[in-house]
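> Please find one structure pasted underneath; my questions will follow.
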Amino acid sequence: MTLRTSDIDVKDVPTPSTVANGPLSTPAAALRSARRSRRRRRTLIVAFLIVAVAAVYIVSLMWGENVYSPAEIVRVIRGEQVPGASYSVGELRLPRATMGLLAGFAFGAAGVTFQTMLRNQLASPDIIGISAGASAAGVIGIVIFGMSQSQVSIVALIASLLVALAIYLLSYKDGFVGTRLILIGIGVAAMLHSVVTYALSQASTWDLPSATRWLTGSLNAATWERTLPLLVVVSALMPTMLAFSRSLDLLRLGDDSATALGARVTLARVSLIICSVILIAVATAACGPVAFVAFLSGPIAARIVGPGGPLIVPSALTGALIILLSDLVGQYALGTRYPVGVITGALGAPFLIYLLVRSNRSTL
């Protein structure tokens with residue numbers, strides 16, 4: 001039997017569009033479609049986080065014992081004199097909200113960096129001892145040596161770098177193992193907490209409230225003097241962290257796979273660790289070790305953004321949102337005023353227990 005061209009219905013001939021979208025679509029086309037879908041979802045969620053952070057930041061400026069309109073807030077930011085608002089917003093609320101925003105960025109970005117590099121959600125700076133190093137140095141500087149804020153920031157930075165280096169060297173044996181680093185970091189954190197307790201026991205009556213409030217994590221003492229160094233550090237280091245974000249994402253696969261895919265593993269790891277430690281140290285020096293923000297931001301961002309892609313930006317935005325919301329709740333929602341660290345600690349402790357229970361069950 002001879003098949004003539006006239007016997008073929010033109011509708012039966014597959015076109016490029018039916019091949020791409022119909023039952024004849026190739027795995028490559030399906031993969032591209034899935035990637036586009038993930039990128040759209042990621043873009044929408046990041047945009048939503050930006051809007052949410054901006055909205056809570058504006059509410060933080062408006063809300064208080066006296067409520068001011070957005071127009072009055074804009075006038076204060078432009079430098080105009082507005083009766084009542086110039087002091088309440090310009091001198092109190094604006095530095096406080098800005099410090100919370102920047103500290104959230106720093107804690108969120110640094111926390112997800114450590115969690116991604118070590119491939120473990122427990123590996124946040126406040127769990128593995130890096131924040132404890134800054135805390136110990138800060139408390140000793142405040143209660144024993146009577147240091148100023150700028151001096152405390154420098155000492156906390158140096159202490160955090162030294163503690164991070166010590167933990168890294170102690171955990172390095174025939175290679176880099178994340179679990180060993182976490183366990184050693186937890187032990188170092190316990191020792192440093194003992195140092196903090198001893199320093200507090202030796203504090204004078206007038207230094208003890210200041211040190212205790214700082215250890216809790218609070219935005220109550222926010223001033224432009226404390227906020228500007230944090231602004232400079234976040235502005236200077238975030239571009240570097242974003243430049244290594246792809247390498248950080250590849251480190252999830254392990255060093256060998258990341259190297260095969262073109263990542264400069266050693267350079268990326270050292271650069272990211274240094275940037276993260278500096279962010280943690282300066283943020284801790286500014287407002288104290290706000291509990292669990294670095295720990296919570298990464299897992300929450302990963303859950304809402306979905307798999308694939310770097311998490312530094314979503315986690316930084318999530319950290320900022322956590323601190324700003326927690327501060328609003330602590331100041332106005334509970335009948336009495338609590339430092340922001342009390343609220344974040346109440347949120348983070350159950351999540352830590354959940355992770356420990358889940359990891360324990362997975363090993364059975």
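By convention here, the chains of the structure tokens are called A, B, ... in the order presented, each chain's residues are numbered starting at 1, and ligands are numbered starting at 1 in the order presented.
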Using only C-alpha atoms, which protein or nucleic acid residues come within 10 Å of Ala199 in chain A? Drop anything in the same chain fewer than 6 positions from it, and give the result as a PDB file with C-alpha atoms, in the first residue's frame.

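Generated file (part-v3.pdb):
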ATOM      1  CA  ALA A 136      31.491  37.171  76.323  1.00  0.00           C
ATOM      2  CA  ALA A 137      33.759  39.884  74.953  1.00  0.00           C
ATOM      3  CA  VAL A 139      30.042  41.692  78.729  1.00  0.00           C
ATOM      4  CA  ILE A 140      33.668  41.662  79.895  1.00  0.00           C
ATOM      5  CA  GLY A 141      34.226  44.966  78.125  1.00  0.00           C
ATOM      6  CA  ILE A 142      31.147  46.535  79.734  1.00  0.00           C
ATOM      7  CA  VAL A 143      31.308  45.264  83.332  1.00  0.00           C
ATOM      8  CA  ILE A 144      35.052  44.859  83.910  1.00  0.00           C
ATOM      9  CA  HIS A 193      28.399  31.178  78.620  1.00  0.00           C
ATOM     10  CA  LEU A 208      24.715  44.899  85.838  1.00  0.00           C
ATOM     11  CA  ALA A 211      24.980  44.223  80.670  1.00  0.00           C
TER      12      ALA A 211
END
> Sorted by chain and rising residue number, which residues of range 255-351 of chain A lie within 9 Å of range 232-247 of chain A, and what are their closest atom pairs and distances in Å to one decimal, counting only C-alpha atoms, as a tab-separated table?

residue	atom	partner	partner_atom	distance
A:Ala258	CA	A:Ser247	CA	7.3
A:Gly262	CA	A:Ser247	CA	8.3
A:Ala263	CA	A:Ser247	CA	5.2
A:Arg264	CA	A:Ser247	CA	7.2
A:Val265	CA	A:Ser247	CA	7.2
A:Ala268	CA	A:Phe244	CA	6.1
A:Arg269	CA	A:Ser247	CA	8.7
A:Ser271	CA	A:Met241	CA	7.9
A:Leu272	CA	A:Met241	CA	6.2
A:Cys275	CA	A:Leu237	CA	6.2
A:Ser276	CA	A:Met241	CA	8.4
A:Ile278	CA	A:Val233	CA	8.0
A:Leu279	CA	A:Val234	CA	6.9
A:Val282	CA	A:Val233	CA	7.6
A:Gly309	CA	A:Arg246	CA	7.7
A:Pro310	CA	A:Ser245	CA	5.7
A:Leu311	CA	A:Ser245	CA	7.9
A:Ile312	CA	A:Ser245	CA	7.0
A:Val313	CA	A:Leu242	CA	8.0
> Using C-alpha atoms, can you export the residues from the last selection as a PDB file, in the first residue's frame?

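Contents of the output file again_25.pdb:
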ATOM      1  CA  ALA A 258      30.925  22.056  43.981  1.00  0.00           C
ATOM      2  CA  GLY A 262      33.129  25.459  38.897  1.00  0.00           C
ATOM      3  CA  ALA A 263      32.959  26.771  42.467  1.00  0.00           C
ATOM      4  CA  ARG A 264      36.166  28.006  44.096  1.00  0.00           C
ATOM      5  CA  VAL A 265      35.435  26.183  47.312  1.00  0.00           C
ATOM      6  CA  ALA A 268      34.191  30.988  48.824  1.00  0.00           C
ATOM      7  CA  ARG A 269      34.209  29.301  52.243  1.00  0.00           C
ATOM      8  CA  SER A 271      35.260  34.744  52.346  1.00  0.00           C
ATOM      9  CA  LEU A 272      31.762  33.778  53.465  1.00  0.00           C
ATOM     10  CA  CYS A 275      31.839  38.133  56.195  1.00  0.00           C
ATOM     11  CA  SER A 276      29.342  36.188  58.318  1.00  0.00           C
ATOM     12  CA  ILE A 278      31.859  40.209  61.024  1.00  0.00           C
ATOM     13  CA  LEU A 279      28.123  40.658  60.452  1.00  0.00           C
ATOM     14  CA  VAL A 282      28.830  44.006  64.668  1.00  0.00           C
ATOM     15  CA  GLY A 309      18.603  28.962  44.378  1.00  0.00           C
ATOM     16  CA  PRO A 310      20.624  30.939  46.936  1.00  0.00           C
ATOM     17  CA  LEU A 311      18.897  31.864  50.188  1.00  0.00           C
ATOM     18  CA  ILE A 312      20.982  34.815  51.378  1.00  0.00           C
ATOM     19  CA  VAL A 313      18.537  37.518  50.261  1.00  0.00           C
TER      20      VAL A 313
END
> Set the distance at 9 Å and use only C-alpha atoms: which residues neighbour range 340-346 of chain A once local chain neighbours fewer than 4 positions away are removed? I'd like the list as JSON, numbers by chain.
{"A": [215, 216, 217, 218, 219, 220, 288, 289, 290, 291, 292, 293, 322, 323, 324, 326, 327, 328, 329, 330, 331, 350]}
> Using only N, CA and C atoms, please write the residues we just selected to a file, as a PDB file, in the first residue's frame.

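Wrote it out as again_30.pdb, contents follow:
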ATOM      1  N   LEU A 215      22.666  41.566  76.979  1.00  0.00           N
ATOM      2  CA  LEU A 215      22.712  40.122  76.733  1.00  0.00           C
ATOM      3  C   LEU A 215      21.372  39.584  76.262  1.00  0.00           C
ATOM      4  N   THR A 216      20.291  40.178  76.732  1.00  0.00           N
ATOM      5  CA  THR A 216      18.964  39.716  76.323  1.00  0.00           C
ATOM      6  C   THR A 216      18.712  39.986  74.851  1.00  0.00           C
ATOM      7  N   GLY A 217      19.280  41.051  74.343  1.00  0.00           N
ATOM      8  CA  GLY A 217      19.021  41.473  72.972  1.00  0.00           C
ATOM      9  C   GLY A 217      17.913  42.499  72.959  1.00  0.00           C
ATOM     10  N   SER A 218      18.276  43.748  72.804  1.00  0.00           N
ATOM     11  CA  SER A 218      17.288  44.815  72.932  1.00  0.00           C
ATOM     12  C   SER A 218      17.604  45.943  71.966  1.00  0.00           C
ATOM     13  N   LEU A 219      16.543  46.603  71.503  1.00  0.00           N
ATOM     14  CA  LEU A 219      16.677  47.796  70.665  1.00  0.00           C
ATOM     15  C   LEU A 219      16.418  49.074  71.454  1.00  0.00           C
ATOM     16  N   ASN A 220      16.270  48.952  72.777  1.00  0.00           N
ATOM     17  CA  ASN A 220      15.900  50.111  73.586  1.00  0.00           C
ATOM     18  C   ASN A 220      16.969  51.193  73.585  1.00  0.00           C
ATOM     19  N   GLY A 288      23.042  43.501  71.002  1.00  0.00           N
ATOM     20  CA  GLY A 288      23.101  42.305  71.817  1.00  0.00           C
ATOM     21  C   GLY A 288      22.798  41.063  70.992  1.00  0.00           C
ATOM     22  N   PRO A 289      23.026  39.888  71.567  1.00  0.00           N
ATOM     23  CA  PRO A 289      22.781  38.629  70.844  1.00  0.00           C
ATOM     24  C   PRO A 289      21.294  38.288  70.805  1.00  0.00           C
ATOM     25  N   VAL A 290      20.575  38.878  69.875  1.00  0.00           N
ATOM     26  CA  VAL A 290      19.133  38.639  69.774  1.00  0.00           C
ATOM     27  C   VAL A 290      18.914  37.157  69.459  1.00  0.00           C
ATOM     28  N   ALA A 291      18.252  36.467  70.358  1.00  0.00           N
ATOM     29  CA  ALA A 291      18.210  35.010  70.323  1.00  0.00           C
ATOM     30  C   ALA A 291      17.471  34.475  69.106  1.00  0.00           C
ATOM     31  N   PHE A 292      18.075  33.478  68.470  1.00  0.00           N
ATOM     32  CA  PHE A 292      17.437  32.605  67.489  1.00  0.00           C
ATOM     33  C   PHE A 292      17.076  33.260  66.161  1.00  0.00           C
ATOM     34  N   VAL A 293      17.411  34.532  65.940  1.00  0.00           N
ATOM     35  CA  VAL A 293      17.086  35.135  64.646  1.00  0.00           C
ATOM     36  C   VAL A 293      17.914  34.483  63.540  1.00  0.00           C
ATOM     37  N   ILE A 322      11.478  39.265  61.157  1.00  0.00           N
ATOM     38  CA  ILE A 322      11.335  38.673  62.489  1.00  0.00           C
ATOM     39  C   ILE A 322      11.639  39.695  63.569  1.00  0.00           C
ATOM     40  N   ILE A 323      12.740  40.425  63.431  1.00  0.00           N
ATOM     41  CA  ILE A 323      13.109  41.388  64.480  1.00  0.00           C
ATOM     42  C   ILE A 323      12.113  42.544  64.549  1.00  0.00           C
ATOM     43  N   LEU A 324      11.721  43.081  63.395  1.00  0.00           N
ATOM     44  CA  LEU A 324      10.786  44.207  63.422  1.00  0.00           C
ATOM     45  C   LEU A 324       9.435  43.800  64.002  1.00  0.00           C
ATOM     46  N   SER A 326       8.837  41.191  66.012  1.00  0.00           N
ATOM     47  CA  SER A 326       9.011  40.827  67.422  1.00  0.00           C
ATOM     48  C   SER A 326       9.118  42.068  68.286  1.00  0.00           C
ATOM     49  N   ASP A 327       9.771  43.105  67.789  1.00  0.00           N
ATOM     50  CA  ASP A 327       9.884  44.336  68.561  1.00  0.00           C
ATOM     51  C   ASP A 327       8.535  45.009  68.731  1.00  0.00           C
ATOM     52  N   LEU A 328       7.727  45.012  67.674  1.00  0.00           N
ATOM     53  CA  LEU A 328       6.381  45.584  67.799  1.00  0.00           C
ATOM     54  C   LEU A 328       5.548  44.803  68.814  1.00  0.00           C
ATOM     55  N   VAL A 329       5.622  43.469  68.738  1.00  0.00           N
ATOM     56  CA  VAL A 329       4.870  42.640  69.685  1.00  0.00           C
ATOM     57  C   VAL A 329       5.358  42.883  71.111  1.00  0.00           C
ATOM     58  N   GLY A 330       6.668  42.895  71.293  1.00  0.00           N
ATOM     59  CA  GLY A 330       7.209  43.089  72.629  1.00  0.00           C
ATOM     60  C   GLY A 330       6.901  44.449  73.222  1.00  0.00           C
ATOM     61  N   GLN A 331       6.753  45.469  72.377  1.00  0.00           N
ATOM     62  CA  GLN A 331       6.519  46.822  72.867  1.00  0.00           C
ATOM     63  C   GLN A 331       5.045  47.119  73.119  1.00  0.00           C
ATOM     64  N   PRO A 350      10.911  26.597  70.808  1.00  0.00           N
ATOM     65  CA  PRO A 350      10.126  25.441  70.337  1.00  0.00           C
ATOM     66  C   PRO A 350      10.610  24.905  68.994  1.00  0.00           C
TER      67      PRO A 350
END
> Which residues come within 9 Å of Ala222 in chain A, counting only C-alpha atoms, excluding same-chain residues fewer than 3 positions away, as a VMD selection string?
chain A and resid 92 to 93 95 to 100 218 to 219 225 to 227 286 to 287
> Between CA of Asn120 in chain A and CA of Val188 in chain A, measure the distance and give it in Å to one decimal.
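Computed distance, CA of Asn120 in chain A to CA of Val188 in chain A, equals 18.0 Å.
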> Name the residues in contact with Ile128 in chain A at a cut-off of 7 Å, using only C-alpha atoms, excluding same-chain residues fewer than 5 positions from it; report them as a list in words.
Ala123, Ile182, Gly185, Ile186 and Ala189 of chain A
> For a quick check of understanding, using only C-alpha atoms, which of A:Ser60, A:Gln115, A:Gln149, A:Ser171 has the smallest distance to Leu94 in chain A?
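The closest residue to Leu94 in chain A is A:Ser60.
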> Find the residues around Phe114 in chain A up to 10 Å (only C-alpha atoms counted), leave out those fewer than 4 positions away in its own chain, and share them as a list in words.
Ala109, Ala110, Leu118, Arg119, Asn120, Gln121, Leu122, Ala123, Ser124, Pro125, Ile128, Gly178, Leu248, Arg269, Leu272, Ile273, Ser276, Val277, Ala294, Phe295 and Gly298 of chain A
> Now that the selection is made, can you save its residues with N, CA and C atoms as a PDB file, in the first residue's frame?

ATOM      1  N   ALA A 109      21.377  36.742  57.093  1.00  0.00           N
ATOM      2  CA  ALA A 109      22.350  36.365  56.064  1.00  0.00           C
ATOM      3  C   ALA A 109      23.452  35.486  56.636  1.00  0.00           C
ATOM      4  N   ALA A 110      23.968  35.834  57.824  1.00  0.00           N
ATOM      5  CA  ALA A 110      25.040  35.043  58.424  1.00  0.00           C
ATOM      6  C   ALA A 110      24.541  33.667  58.839  1.00  0.00           C
ATOM      7  N   LEU A 118      27.482  24.102  56.233  1.00  0.00           N
ATOM      8  CA  LEU A 118      27.606  22.904  57.050  1.00  0.00           C
ATOM      9  C   LEU A 118      26.490  21.897  56.797  1.00  0.00           C
ATOM     10  N   ARG A 119      25.531  22.282  55.923  1.00  0.00           N
ATOM     11  CA  ARG A 119      24.421  21.401  55.553  1.00  0.00           C
ATOM     12  C   ARG A 119      23.679  20.867  56.781  1.00  0.00           C
ATOM     13  N   ASN A 120      23.413  21.773  57.717  1.00  0.00           N
ATOM     14  CA  ASN A 120      22.721  21.395  58.944  1.00  0.00           C
ATOM     15  C   ASN A 120      22.017  22.622  59.494  1.00  0.00           C
ATOM     16  N   GLN A 121      20.717  22.483  59.771  1.00  0.00           N
ATOM     17  CA  GLN A 121      19.949  23.625  60.261  1.00  0.00           C
ATOM     18  C   GLN A 121      20.343  24.040  61.675  1.00  0.00           C
ATOM     19  N   LEU A 122      21.037  23.168  62.409  1.00  0.00           N
ATOM     20  CA  LEU A 122      21.477  23.509  63.759  1.00  0.00           C
ATOM     21  C   LEU A 122      22.742  24.358  63.760  1.00  0.00           C
ATOM     22  N   ALA A 123      23.341  24.533  62.599  1.00  0.00           N
ATOM     23  CA  ALA A 123      24.654  25.190  62.529  1.00  0.00           C
ATOM     24  C   ALA A 123      24.538  26.696  62.381  1.00  0.00           C
ATOM     25  N   SER A 124      23.734  27.337  63.206  1.00  0.00           N
ATOM     26  CA  SER A 124      23.646  28.793  63.151  1.00  0.00           C
ATOM     27  C   SER A 124      24.644  29.393  64.129  1.00  0.00           C
ATOM     28  N   PRO A 125      25.054  30.637  63.932  1.00  0.00           N
ATOM     29  CA  PRO A 125      26.095  31.230  64.786  1.00  0.00           C
ATOM     30  C   PRO A 125      25.737  31.266  66.260  1.00  0.00           C
ATOM     31  N   ILE A 128      26.492  27.486  67.560  1.00  0.00           N
ATOM     32  CA  ILE A 128      27.843  26.920  67.522  1.00  0.00           C
ATOM     33  C   ILE A 128      28.894  27.824  68.169  1.00  0.00           C
ATOM     34  N   GLY A 178      31.056  18.827  59.016  1.00  0.00           N
ATOM     35  CA  GLY A 178      30.140  19.770  59.642  1.00  0.00           C
ATOM     36  C   GLY A 178      29.656  19.332  61.008  1.00  0.00           C
ATOM     37  N   LEU A 248      27.974  29.299  47.325  1.00  0.00           N
ATOM     38  CA  LEU A 248      27.370  28.814  48.565  1.00  0.00           C
ATOM     39  C   LEU A 248      26.279  27.799  48.269  1.00  0.00           C
ATOM     40  N   ARG A 269      34.446  29.614  50.834  1.00  0.00           N
ATOM     41  CA  ARG A 269      34.209  29.301  52.243  1.00  0.00           C
ATOM     42  C   ARG A 269      34.875  30.316  53.153  1.00  0.00           C
ATOM     43  N   LEU A 272      33.092  33.780  52.861  1.00  0.00           N
ATOM     44  CA  LEU A 272      31.762  33.778  53.465  1.00  0.00           C
ATOM     45  C   LEU A 272      31.837  33.678  54.981  1.00  0.00           C
ATOM     46  N   ILE A 273      32.766  32.882  55.503  1.00  0.00           N
ATOM     47  CA  ILE A 273      32.902  32.771  56.948  1.00  0.00           C
ATOM     48  C   ILE A 273      33.327  34.109  57.553  1.00  0.00           C
ATOM     49  N   SER A 276      30.409  36.560  57.392  1.00  0.00           N
ATOM     50  CA  SER A 276      29.342  36.188  58.318  1.00  0.00           C
ATOM     51  C   SER A 276      29.729  36.491  59.757  1.00  0.00           C
ATOM     52  N   VAL A 277      30.966  36.185  60.125  1.00  0.00           N
ATOM     53  CA  VAL A 277      31.410  36.447  61.490  1.00  0.00           C
ATOM     54  C   VAL A 277      31.410  37.953  61.773  1.00  0.00           C
ATOM     55  N   ALA A 294      19.219  34.327  63.783  1.00  0.00           N
ATOM     56  CA  ALA A 294      20.073  33.649  62.804  1.00  0.00           C
ATOM     57  C   ALA A 294      19.655  32.198  62.616  1.00  0.00           C
ATOM     58  N   PHE A 295      19.140  31.595  63.649  1.00  0.00           N
ATOM     59  CA  PHE A 295      18.714  30.197  63.604  1.00  0.00           C
ATOM     60  C   PHE A 295      17.409  30.009  62.841  1.00  0.00           C
ATOM     61  N   GLY A 298      16.931  31.228  58.131  1.00  0.00           N
ATOM     62  CA  GLY A 298      17.224  30.343  57.004  1.00  0.00           C
ATOM     63  C   GLY A 298      16.166  29.289  56.765  1.00  0.00           C
TER      64      GLY A 298
END
